[in-house]
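Q: So here's protein.txt (compact mmCIF, C-alpha atoms).
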# COMPACT_ATOMS: atom_id res chain seq x y z
CA MET E 3 30.11 -7.30 -15.71
CA PRO E 4 28.76 -4.86 -18.28
CA GLU E 5 27.91 -1.38 -17.10
CA ASN E 6 24.40 -1.56 -18.45
CA LEU E 7 24.61 1.94 -19.88
CA GLU E 8 21.79 1.40 -22.32
CA LEU E 9 19.65 -0.03 -19.55
CA LYS E 10 20.28 2.93 -17.27
CA GLN E 11 19.51 5.35 -20.05
CA TYR E 12 16.29 3.50 -20.88
CA LEU E 13 15.16 3.42 -17.24
CA ALA E 14 15.90 7.12 -16.81
CA GLU E 15 13.85 7.93 -19.90
CA VAL E 16 10.93 5.79 -18.77
CA HIS E 17 11.13 7.46 -15.37
CA SER E 18 10.95 10.94 -16.83
CA ALA E 19 8.18 9.91 -19.24
CA LEU E 20 6.17 8.81 -16.22
CA ALA E 21 6.21 12.32 -14.71
CA GLY E 22 2.91 13.09 -13.07
CA LEU E 23 2.30 9.63 -11.66
CA PRO E 24 2.49 9.52 -7.86
CA ALA E 25 6.16 9.18 -6.87
CA GLY E 26 5.66 5.77 -5.25
CA GLU E 27 3.93 4.27 -8.27
CA ARG E 28 6.45 5.74 -10.63
CA ASP E 29 9.47 4.44 -8.70
CA GLU E 30 7.86 1.07 -8.26
CA ALA E 31 7.06 0.70 -11.95
CA VAL E 32 10.65 1.59 -12.88
CA ALA E 33 12.10 -0.75 -10.22
CA GLU E 34 9.86 -3.52 -11.51
CA LEU E 35 11.02 -2.92 -15.07
CA GLU E 36 14.64 -2.89 -13.99
CA ALA E 37 14.28 -6.23 -12.18
CA ASN E 38 12.56 -7.81 -15.18
CA LEU E 39 15.06 -6.40 -17.64
CA LEU E 40 18.07 -7.51 -15.62
CA ALA E 41 16.71 -11.06 -15.44
CA ASP E 42 15.98 -11.01 -19.16
CA ILE E 43 19.45 -9.69 -19.99
CA GLY E 44 21.02 -12.26 -17.68
CA ARG E 45 19.34 -15.19 -19.35
CA ARG E 46 20.16 -13.86 -22.80
CA GLY E 47 23.87 -14.02 -21.98
CA GLY E 48 24.42 -10.88 -19.94
CA ASN E 49 26.45 -9.03 -22.56
CA GLU E 50 25.81 -5.82 -24.44
CA ALA E 51 24.06 -7.60 -27.29
CA ALA E 52 21.70 -9.21 -24.76
CA GLU E 53 21.04 -5.84 -23.19
CA HIS E 54 20.30 -4.31 -26.57
CA ALA E 55 17.97 -7.13 -27.61
CA ALA E 56 16.05 -7.15 -24.33
CA ILE E 57 15.52 -3.40 -24.54
CA ALA E 58 14.58 -3.48 -28.21
CA ASP E 59 11.73 -5.88 -27.37
CA LEU E 60 10.25 -3.34 -25.00
CA GLY E 61 9.65 -0.64 -27.54
CA SER E 62 10.63 2.98 -27.01
CA PRO E 63 10.69 4.44 -23.47
CA THR E 64 7.71 6.61 -24.38
CA GLU E 65 5.72 3.62 -25.56
CA TYR E 66 6.61 1.69 -22.45
CA ALA E 67 5.63 4.61 -20.22
CA ALA E 68 2.34 4.90 -22.10
CA ALA E 69 1.66 1.21 -21.45
CA VAL E 70 2.36 1.72 -17.73
CA ARG E 71 0.08 4.74 -17.56
CA GLU E 72 -2.63 2.82 -19.29
CA ALA E 73 -2.22 -0.19 -17.02
CA PHE E 74 -2.33 1.95 -13.89
CA GLY E 75 -5.01 4.26 -15.23
CA ARG E 76 -7.55 1.49 -15.19
CA GLU E 77 -7.74 1.76 -11.45
CA SER E 78 -7.77 5.11 -9.76
CA THR E 79 -4.41 6.17 -8.37
CA SER E 80 -6.03 7.26 -5.14
CA PRO E 81 -7.53 4.50 -3.05
CA GLN E 82 -11.28 4.06 -3.39
CA PRO E 83 -13.44 2.26 -0.85
CA GLN E 84 -15.02 -1.08 -1.58
CA GLY E 85 -18.43 0.55 -1.17
CA ARG E 86 -20.47 2.98 0.89
CA ILE E 87 -23.04 2.50 3.60
CA LEU E 88 -25.10 5.50 4.77
CA GLY E 89 -22.56 7.74 3.08
CA MET E 90 -19.66 6.19 4.99
CA PRO E 91 -17.02 4.31 3.07
CA PHE E 92 -16.47 0.69 4.04
CA GLU E 93 -13.74 -1.78 3.24
CA PHE E 94 -13.64 -5.43 4.19
CA ARG E 95 -10.99 -6.73 1.84
CA THR E 96 -7.86 -8.04 3.54
CA PRO E 97 -5.48 -5.14 4.13
CA THR E 98 -1.91 -5.39 2.89
CA ALA E 99 1.08 -3.27 3.88
CA SER E 100 0.68 -1.32 0.67
CA THR E 101 -3.04 -0.58 1.04
CA VAL E 102 -2.38 0.56 4.60
CA MET E 103 0.35 2.88 3.36
CA ASP E 104 -1.79 4.23 0.53
CA ARG E 105 -4.22 5.52 3.08
CA ILE E 106 -2.28 6.73 6.07
CA TRP E 107 0.82 8.00 4.26
CA ASN E 108 -0.06 9.15 0.78
CA PRO E 109 1.37 12.63 0.19
CA SER E 110 0.38 12.54 -3.46
CA ASP E 111 -3.30 12.31 -2.53
CA PRO E 112 -4.58 15.67 -1.24
CA ARG E 113 -7.41 14.14 0.81
CA ILE E 114 -6.78 14.25 4.55
CA PHE E 115 -9.65 11.90 5.37
CA MET E 116 -9.25 8.65 3.49
CA PRO E 117 -11.53 5.62 3.44
CA ARG E 118 -10.38 3.22 6.15
CA THR E 119 -8.09 0.35 5.23
CA PHE E 120 -10.44 -2.01 7.02
CA GLY E 121 -13.84 -1.36 8.54
CA ILE E 122 -16.24 1.53 8.19
CA GLY E 123 -15.42 5.22 8.17
CA TRP E 124 -12.34 7.27 7.51
CA THR E 125 -8.70 7.32 8.45
CA ILE E 126 -6.24 10.18 8.47
CA ASN E 127 -3.77 10.62 5.63
CA PHE E 128 -0.77 12.02 7.49
CA GLY E 129 1.07 12.33 4.20
CA ALA E 130 -1.48 14.89 2.97
CA ILE E 131 -1.16 16.86 6.23
CA ALA E 132 2.63 16.91 5.95
CA ALA E 133 2.38 17.98 2.32
CA ARG E 134 -0.12 20.71 3.15
CA LEU E 135 2.05 22.05 5.94
CA GLY E 136 4.93 22.25 3.50
CA TRP E 137 7.08 19.72 5.38
CA ILE E 138 7.39 17.57 2.30
CA ARG E 139 6.64 17.91 -1.38
CA PRO E 140 3.85 15.66 -2.60
CA ASP E 141 5.91 14.28 -5.46
CA ASP E 142 9.21 13.91 -3.67
CA VAL E 143 8.62 11.21 -1.14
CA GLU E 144 9.46 7.55 -1.15
CA GLU E 145 6.51 5.26 -0.96
CA ARG E 146 7.85 3.61 2.15
CA PRO E 147 8.94 6.46 4.34
CA LEU E 148 9.52 4.33 7.42
CA GLU E 149 11.67 1.48 6.16
CA ASN E 150 14.99 3.06 7.12
CA LEU E 151 14.33 3.62 10.80
CA SER E 152 17.20 2.86 13.14
CA ASP E 153 16.76 0.10 15.70
CA ALA E 154 16.71 2.66 18.49
CA ALA E 155 13.97 4.79 16.92
CA LEU E 156 11.88 1.74 16.12
CA SER E 157 12.23 0.38 19.66
CA VAL E 158 11.06 3.68 21.11
CA ALA E 159 8.11 3.78 18.71
CA VAL E 160 7.10 0.22 19.55
CA THR E 161 7.39 0.86 23.30
CA VAL E 162 5.22 4.01 23.38
CA PRO E 163 1.81 2.33 22.93
CA VAL E 164 2.75 -0.45 25.36
CA LEU E 165 3.59 2.16 28.03
CA ILE E 166 0.30 3.95 27.35
CA GLY E 167 -1.54 0.63 27.60
CA VAL E 168 0.17 -0.22 30.88
CA ALA E 169 -0.63 3.26 32.25
CA VAL E 170 -4.30 2.92 31.29
CA THR E 171 -4.46 -0.50 32.93
CA ALA E 172 -2.74 0.83 36.07
CA VAL E 173 -5.22 3.72 36.37
CA VAL E 174 -8.17 1.37 35.96
CA ILE E 175 -6.81 -0.96 38.64
CA ALA E 176 -5.94 1.88 41.01
CA PHE E 177 -9.39 3.46 40.86
CA TRP E 178 -11.44 0.28 40.46
CA SER E 179 -12.75 0.11 44.03
CA ARG E 180 -13.53 3.84 44.14
CA MET E 181 -15.73 3.69 41.04
CA PRO E 182 -19.42 2.78 41.25
CA GLU E 183 -20.68 -0.31 39.43
CA THR E 184 -22.42 1.95 36.89
CA ILE E 185 -20.20 4.61 35.40
CA PRO E 186 -20.71 7.43 32.90
CA VAL E 187 -19.96 6.30 29.35
CA HIS E 188 -21.18 9.26 27.37
CA PHE E 189 -20.80 12.99 27.84
CA ASP E 190 -22.54 15.95 26.20
CA ALA E 191 -20.74 18.88 24.62
CA ALA E 192 -20.38 20.55 28.01
CA GLY E 193 -18.64 17.47 29.37
CA VAL E 194 -21.62 16.47 31.56
CA ALA E 195 -22.38 12.77 31.76
CA ASP E 196 -25.57 11.83 29.93
CA GLY E 197 -25.19 8.09 29.48
CA TRP E 198 -24.22 5.32 31.88
CA GLY E 199 -22.99 1.76 31.52
CA SER E 200 -21.40 -1.16 33.31
CA LYS E 201 -17.97 -0.57 34.83
CA THR E 202 -16.67 -4.01 33.96
CA THR E 203 -17.69 -3.88 30.31
CA THR E 204 -16.56 -0.31 29.71
CA PHE E 205 -13.17 -0.63 31.32
CA GLY E 206 -12.75 -4.10 29.89
CA ILE E 207 -13.10 -2.73 26.38
CA LEU E 208 -10.83 0.24 27.07
CA VAL E 209 -8.06 -1.92 28.52
CA ALA E 210 -8.40 -4.31 25.58
CA VAL E 211 -8.02 -1.40 23.16
CA ALA E 212 -5.15 0.26 25.02
CA LEU E 213 -3.08 -2.77 25.99
CA GLY E 214 -4.51 -5.84 24.27
CA ALA E 215 -4.68 -4.34 20.78
CA PRO E 216 -1.02 -3.26 20.50
CA LEU E 217 0.20 -6.58 21.88
CA ALA E 218 -2.01 -8.51 19.45
CA ALA E 219 -0.92 -6.26 16.58
CA TYR E 220 2.77 -6.75 17.40
CA LEU E 221 2.23 -10.48 17.57
CA TRP E 222 0.62 -10.36 14.13
CA ALA E 223 3.40 -8.16 12.74
CA TRP E 224 6.04 -10.42 14.22
CA THR E 225 4.53 -13.70 13.00
CA SER E 226 3.91 -12.29 9.51
CA ARG E 227 7.53 -11.05 9.48
CA ALA E 228 6.40 -7.51 8.85
CA SER E 229 8.90 -4.90 7.68
CA ARG E 230 10.22 -2.07 9.83
CA GLY E 231 7.78 0.30 8.21
CA THR E 232 4.83 -1.92 9.06
CA PHE E 233 5.96 -2.17 12.68
CA ALA E 234 6.24 1.61 12.85
CA ILE E 235 2.75 2.00 11.40
CA VAL E 236 1.32 -0.55 13.81
CA ALA E 237 3.00 1.37 16.64
CA THR E 238 1.58 4.69 15.43
CA LEU E 239 -1.94 3.32 15.03
CA SER E 240 -1.72 1.65 18.45
CA THR E 241 -0.63 4.98 19.90
CA PHE E 242 -3.71 6.60 18.38
CA PHE E 243 -6.03 4.06 20.01
CA GLY E 244 -3.99 4.13 23.21
CA VAL E 245 -4.26 7.91 23.58
CA LEU E 246 -7.97 7.69 22.75
CA ALA E 247 -8.53 5.04 25.44
CA ALA E 248 -6.34 6.96 27.90
CA THR E 249 -8.37 10.14 27.33
CA ILE E 250 -11.65 8.34 27.88
CA VAL E 251 -10.42 6.48 30.98
CA GLY E 252 -8.88 9.64 32.42
CA TYR E 253 -11.98 11.74 31.98
CA THR E 254 -14.31 8.99 33.16
CA VAL E 255 -12.31 8.50 36.35
CA ALA E 256 -12.01 12.24 36.93
CA ASN E 257 -15.75 12.64 36.39
CA ALA E 258 -16.93 9.66 38.44
CA VAL E 259 -14.47 9.97 41.33
CA TYR E 260 -13.77 13.70 41.57
CA GLY E 261 -16.84 15.14 39.84
CA VAL E 262 -14.74 16.94 37.20
CA GLU E 263 -16.77 18.34 34.29
CA GLY E 264 -15.86 20.63 31.45
CA TRP E 265 -16.26 21.42 27.79
CA TRP E 266 -12.50 20.98 27.36
CA ILE E 267 -13.03 17.26 27.05
CA GLY E 268 -13.60 18.05 23.37
CA LEU E 269 -10.09 19.48 23.14
CA LEU E 270 -8.65 16.30 24.61
CA VAL E 271 -9.91 14.45 21.57
CA LEU E 272 -7.54 16.58 19.50
CA LEU E 273 -4.71 14.93 21.42
CA CYS E 274 -5.74 11.62 19.92
CA VAL E 275 -4.94 12.95 16.48
CA LEU E 276 -2.05 15.17 17.43
CA VAL E 277 0.08 12.70 19.40
CA PRO E 278 0.18 9.94 16.76
CA GLY E 279 0.48 12.62 14.05
CA ILE E 280 3.60 14.05 15.66
CA MET E 281 4.93 10.57 16.29
CA PHE E 282 4.45 9.66 12.65
CA TYR E 283 6.12 12.85 11.52
CA LEU E 284 9.15 12.27 13.74
CA LEU E 285 9.48 8.67 12.59
CA ALA E 286 9.13 9.58 8.92
CA ARG E 287 11.71 12.35 9.29
CA ALA E 288 14.17 10.09 11.10
CA SER E 289 13.78 7.45 8.42
CA LEU E 290 14.02 9.83 5.47
CA LYS E 291 17.09 11.53 6.92
CA LYS E 292 18.81 8.20 7.19
CA GLU E 293 17.77 7.30 3.66
CA TRP E 294 18.88 10.62 2.18
CA SER E 295 22.26 10.46 3.80
CA ALA E 296 22.79 6.96 2.41
CA ALA E 297 21.41 7.57 -1.08
CA PRO E 298 23.68 8.19 -4.04
CA ALA E 299 22.88 11.28 -6.08
CA ALA E 300 19.94 10.60 -8.37
CA PRO E 301 20.68 10.68 -12.11
CA GLY E 302 20.65 14.23 -13.38
CA ARG E 303 20.64 15.64 -9.88
CA GLU E 304 23.69 16.63 -7.87
CA LYS E 305 23.75 15.55 -4.27
CA GLU E 306 23.43 18.62 -2.14
CA SER E 307 26.56 19.34 -0.21
CA LYS E 308 26.27 20.56 3.31
CA MET I 13 -3.49 0.99 -37.88
CA GLY I 14 -7.13 0.53 -38.82
CA GLU I 15 -9.90 1.17 -36.35
CA ALA I 16 -10.75 -2.50 -36.12
CA ASP I 17 -7.13 -3.21 -35.27
CA SER I 18 -7.06 -0.75 -32.42
CA ARG I 19 -10.32 -2.13 -31.04
CA THR I 20 -8.87 -5.62 -31.20
CA SER I 21 -5.84 -4.48 -29.25
CA GLN I 22 -8.15 -2.96 -26.63
CA PHE I 23 -9.87 -6.19 -25.76
CA ARG I 24 -6.67 -8.15 -26.12
CA LYS I 25 -5.18 -6.23 -23.21
CA GLY I 26 -7.83 -7.41 -20.79
CA ALA I 27 -7.28 -10.93 -22.04
CA VAL I 28 -3.51 -10.75 -21.51
CA GLU I 29 -4.11 -9.90 -17.89
CA LEU I 30 -6.27 -12.98 -17.51
CA ALA I 31 -3.63 -14.99 -19.38
CA ILE I 32 -0.91 -13.88 -16.93
CA LEU I 33 -3.03 -14.84 -13.94
CA ALA I 34 -3.83 -18.21 -15.52
CA LEU I 35 -0.14 -18.84 -16.21
CA LEU I 36 0.87 -17.95 -12.66
CA ALA I 37 -1.82 -20.25 -11.28
CA ARG I 38 0.37 -23.13 -12.48
CA GLY I 39 3.45 -21.93 -10.66
CA GLU I 40 5.77 -19.01 -10.17
CA LEU I 41 7.63 -17.51 -13.12
CA TYR I 42 9.93 -14.57 -13.71
CA GLY I 43 9.01 -11.75 -16.08
CA ALA I 44 10.84 -12.91 -19.19
CA GLU I 45 9.50 -16.44 -18.76
CA ILE I 46 5.96 -15.10 -18.71
CA VAL I 47 6.69 -13.23 -21.93
CA ASP I 48 8.07 -16.41 -23.53
CA ARG I 49 5.12 -18.56 -22.56
CA LEU I 50 2.63 -16.03 -23.88
CA ALA I 51 4.61 -15.12 -27.00
CA VAL I 52 4.16 -18.64 -28.38
CA LEU I 53 0.41 -17.98 -28.51
CA PRO I 54 0.14 -15.78 -31.61
CA GLY I 55 -3.42 -14.69 -30.84
CA LEU I 56 -2.27 -12.79 -27.76
CA ALA I 57 0.48 -10.90 -29.58
CA VAL I 58 2.41 -9.91 -26.48
CA THR I 59 5.87 -8.42 -26.03
CA SER I 60 7.78 -7.61 -22.87
CA GLY I 61 6.58 -4.03 -23.40
CA THR I 62 2.99 -5.12 -22.75
CA VAL I 63 3.62 -7.79 -20.12
CA TYR I 64 5.83 -5.86 -17.68
CA PRO I 65 3.44 -2.93 -17.23
CA LEU I 66 0.61 -5.39 -16.59
CA LEU I 67 2.78 -7.18 -14.01
CA SER I 68 3.34 -3.84 -12.26
CA ARG I 69 -0.38 -3.25 -12.26
CA LEU I 70 -1.25 -6.73 -10.99
CA LYS I 71 1.33 -6.34 -8.27
CA LYS I 72 0.03 -2.95 -7.27
CA ALA I 73 -3.48 -4.36 -7.10
CA SER I 74 -2.07 -7.15 -4.85
CA LEU I 75 -3.25 -9.84 -7.28
CA VAL I 76 0.30 -11.17 -7.62
CA ASP I 77 3.32 -10.85 -5.40
CA SER I 78 6.98 -11.35 -6.09
CA VAL I 79 10.06 -12.96 -4.56
CA TRP I 80 13.72 -12.75 -5.46
CA ARG I 81 15.41 -16.02 -6.30
CA GLU I 82 19.00 -16.82 -7.20
CA SER I 83 19.51 -17.61 -10.85
CA PRO I 84 21.99 -20.12 -12.30
CA VAL I 85 23.20 -17.36 -14.63
CA GLY I 86 23.38 -13.64 -14.01
CA PRO I 87 21.68 -11.59 -11.30
CA PRO I 88 18.86 -12.84 -9.02
CA ARG I 89 15.46 -12.93 -10.69
CA LYS I 90 12.18 -11.53 -9.53
CA TYR I 91 9.61 -14.32 -9.59
CA TYR I 92 5.91 -13.62 -9.64
CA ARG I 93 3.24 -15.76 -8.08
CA LEU I 94 -0.49 -15.56 -7.65
CA ALA I 95 -1.61 -13.84 -4.45
CA GLU I 96 -4.77 -14.87 -2.67
CA ALA I 97 -6.77 -12.03 -4.20
CA GLY I 98 -5.37 -13.04 -7.57
CA SER I 99 -6.70 -16.59 -7.26
CA ARG I 100 -10.12 -15.22 -6.38
CA ASP I 101 -10.06 -12.80 -9.32
CA LEU I 102 -8.84 -15.51 -11.64
CA ALA I 103 -11.75 -17.78 -10.69
CA GLU I 104 -14.24 -14.96 -11.28
CA MET I 105 -12.63 -13.74 -14.47
CA SER I 106 -12.29 -17.18 -15.98
CA SER I 107 -15.96 -17.98 -15.55
CA SER I 108 -16.98 -14.58 -16.97
CA TRP I 109 -14.55 -15.14 -19.79
CA ARG I 110 -16.10 -18.50 -20.67
CA ASP I 111 -19.62 -17.08 -20.60
CA LEU I 112 -18.59 -14.11 -22.70
CA SER I 113 -16.67 -16.15 -25.19
CA ALA I 114 -19.52 -18.68 -25.58
CA ALA I 115 -21.97 -15.82 -26.11
CA ILE I 116 -19.83 -14.09 -28.72
CA ASP I 117 -19.03 -17.38 -30.46
CA SER I 118 -22.69 -18.18 -30.83
CA LEU I 119 -23.36 -14.69 -32.21
CA LEU I 120 -20.45 -14.92 -34.60
CA GLU I 121 -21.47 -18.31 -35.92
CA GLY I 122 -21.94 -18.06 -39.66
CA VAL I 123 -21.21 -14.31 -39.73
CA ASP I 124 -17.93 -14.74 -41.62
CA SER I 125 -19.54 -16.62 -44.49
CA HIS I 126 -22.37 -14.06 -44.81
CA ALA I 127 -20.06 -11.07 -44.74
When written as structure tokens, how does the structure in this file appear?
A:
Amino acid sequence: MPENLELKQYLAEVHSALAGLPAGERDEAVAELEANLLADIGRRGGNEAAEHAAIADLGSPTEYAAAVREAFGRESTSPQPQGRILGMPFEFRTPTASTVMDRIWNPSDPRIFMPRTFGIGWTINFGAIAARLGWIRPDDVEERPLENLSDAALSVAVTVPVLIGVAVTAVVIAFWSRMPETIPVHFDAAGVADGWGSKTTTFGILVAVALGAPLAAYLWAWTSRASRGTFAIVATLSTFFGVLAATIVGYTVANAVYGVEGWWIGLLVLLCVLVPGIMFYLLARASLKKEWSAAPAAPGREKESK
Amino acid sequence: MGEADSRTSQFRKGAVELAILALLARGELYGAEIVDRLAVLPGLAVTSGTVYPLLSRLKKASLVDSVWRESPVGPPRKYYRLAEAGSRDLAEMSSSWRDLSAAIDSLLEGVDSHA
């Protein structure tokens, strides 16, 4: 087996010539090139002459990098919505794991509110938040931060939204008979009810969001043989909707049964962002730590010794 | 390189992308195979240095996806195939291409001899 010295050198030069591209794109382009080159070298005989010939066909590393930049430059590096309606971005193209990642974990894009992966409105780019808080550097993060999660961490992550969903369902069942047929469904800024709706419909939707949605999402992830990272993302998103549903159910019950009112309901909404945000951060950190400890030192960079 | 040359290479690049999609519509291929199939068409003037970056782009845009397959010689190969979005794009692009090419052909008719 040849050592592929020329190949490694070439890849390293292309990589450095691609400086400035988002880290994920850059790594992916180099990995793609490596796969294609190795196959080409293999079919040409797998020796040094084959390596040399395959690389010579590519042109210089600078030329190759320029071709990659040009190819990628034709579409914006930061995700753009399919279109806008009343100023809100919308997107109805089928989401893929990579478009989901580009929007909810994209440290190289400074926007915190990104166009949704599917539907109308915005979604939160936790990568940008982490980068802004200085937890990570925008250019120093793998594109798939969650792929190296341990089984234990992933199981916990997957269980969280199910527990929330079960809790929401339990609360609804426990208070069902004590709630009137018509319940408050909208509150003003002071936390006073100003809109009412049917108990069955409202709680039906909330239970579907809190418990039905994560189960359906896991089923989808499982049948489409989703990666660890995708499972973790599904879990985080389900937690977001679960906490949201839990907040609404909790306040509605407190308001309808005990007459609780207060402006602090607004603060509870913060929870809906904070809880999944923290969860995502913990998962990403656990995964990156595992990856860093397993990774060999990158070319030109010494592995830090502890 | 003359200015006409560089303009030619500009529109050739868009065409190569369409050519890759059209090739993959007939079945999956690995990178070097794509280069080979296109290199025999002199009009396209491709090398691996133009095809691989376009493959990266098509993959990033989810128009193609890839799978690893064992190879009879050497390391496993990354095979590319048309993704669903790629088939849709190919259908759209090929009909626009035909319209465009018919339009330009009709405009170019007789131009060479008058030049």
Q: Please identify all residues of chain E having at least one atom at most 9 Å from any atom of chain I, considering only C-alpha atoms, and return them as a PyMOL selection string.
A: chain E and resi 27+30-31+34-35+37-45+47-48+56-57+59-62+65-67+69-74+77+96+98+100-101
Q: As an exercise, work out the distance from atom CA of E:Leu239 to atom CA of E:Trp266 in Å and give it to one decimal place.
A: 24.0 Å
Q: When you look at I:Glu40 with a cut-off of 8 Å (counting only C-alpha atoms), what residues show up, excluding the ones that are within fewer than 4 positions of it in the same chain? I need them as a list in words.
A: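 With the cut-off at 8 Å, the set is Leu36, Tyr91, Tyr92, Arg93 and Leu94 of chain I.
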Q: Save out the residues we just selected, C-alpha atoms, as an mmCIF file, keeping the file's coordinate frame.
A:
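Result file part06.cif:
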data_model
loop_
_atom_site.group_PDB
_atom_site.id
_atom_site.type_symbol
_atom_site.label_atom_id
_atom_site.label_comp_id
_atom_site.auth_asym_id
_atom_site.auth_seq_id
_atom_site.Cartn_x
_atom_site.Cartn_y
_atom_site.Cartn_z
ATOM 1 C CA LEU I 36 0.870 -17.950 -12.660
ATOM 2 C CA TYR I 91 9.610 -14.320 -9.590
ATOM 3 C CA TYR I 92 5.910 -13.620 -9.640
ATOM 4 C CA ARG I 93 3.240 -15.760 -8.080
ATOM 5 C CA LEU I 94 -0.490 -15.560 -7.650
#
Q: Using all atoms listed in the file, give me every residue within 12 Å of (7.9, 9.0, -15.7) in file coordinates, as an NGL selection string.
A: :E and (12-33 or 63-71 or 141)
Q: Using C-alpha atoms, can you write the selected residues to a file as a CSV table (one decimal), in the frame of the given file?
A:
chain,number,residue,atom,x,y,z
E,12,TYR,CA,16.3,3.5,-20.9
E,13,LEU,CA,15.2,3.4,-17.2
E,14,ALA,CA,15.9,7.1,-16.8
E,15,GLU,CA,13.8,7.9,-19.9
E,16,VAL,CA,10.9,5.8,-18.8
E,17,HIS,CA,11.1,7.5,-15.4
E,18,SER,CA,11.0,10.9,-16.8
E,19,ALA,CA,8.2,9.9,-19.2
E,20,LEU,CA,6.2,8.8,-16.2
E,21,ALA,CA,6.2,12.3,-14.7
E,22,GLY,CA,2.9,13.1,-13.1
E,23,LEU,CA,2.3,9.6,-11.7
E,24,PRO,CA,2.5,9.5,-7.9
E,25,ALA,CA,6.2,9.2,-6.9
E,26,GLY,CA,5.7,5.8,-5.2
E,27,GLU,CA,3.9,4.3,-8.3
E,28,ARG,CA,6.4,5.7,-10.6
E,29,ASP,CA,9.5,4.4,-8.7
E,30,GLU,CA,7.9,1.1,-8.3
E,31,ALA,CA,7.1,0.7,-12.0
E,32,VAL,CA,10.6,1.6,-12.9
E,33,ALA,CA,12.1,-0.8,-10.2
E,63,PRO,CA,10.7,4.4,-23.5
E,64,THR,CA,7.7,6.6,-24.4
E,65,GLU,CA,5.7,3.6,-25.6
E,66,TYR,CA,6.6,1.7,-22.4
E,67,ALA,CA,5.6,4.6,-20.2
E,68,ALA,CA,2.3,4.9,-22.1
E,69,ALA,CA,1.7,1.2,-21.4
E,70,VAL,CA,2.4,1.7,-17.7
E,71,ARG,CA,0.1,4.7,-17.6
E,141,ASP,CA,5.9,14.3,-5.5
Q: Please determine, counting only C-alpha atoms, which residue among E:Ala237, E:Tyr260, E:Leu269, E:Lys201 has the shortest atom-to-atom distance to E:Leu156.
A: E:Ala237
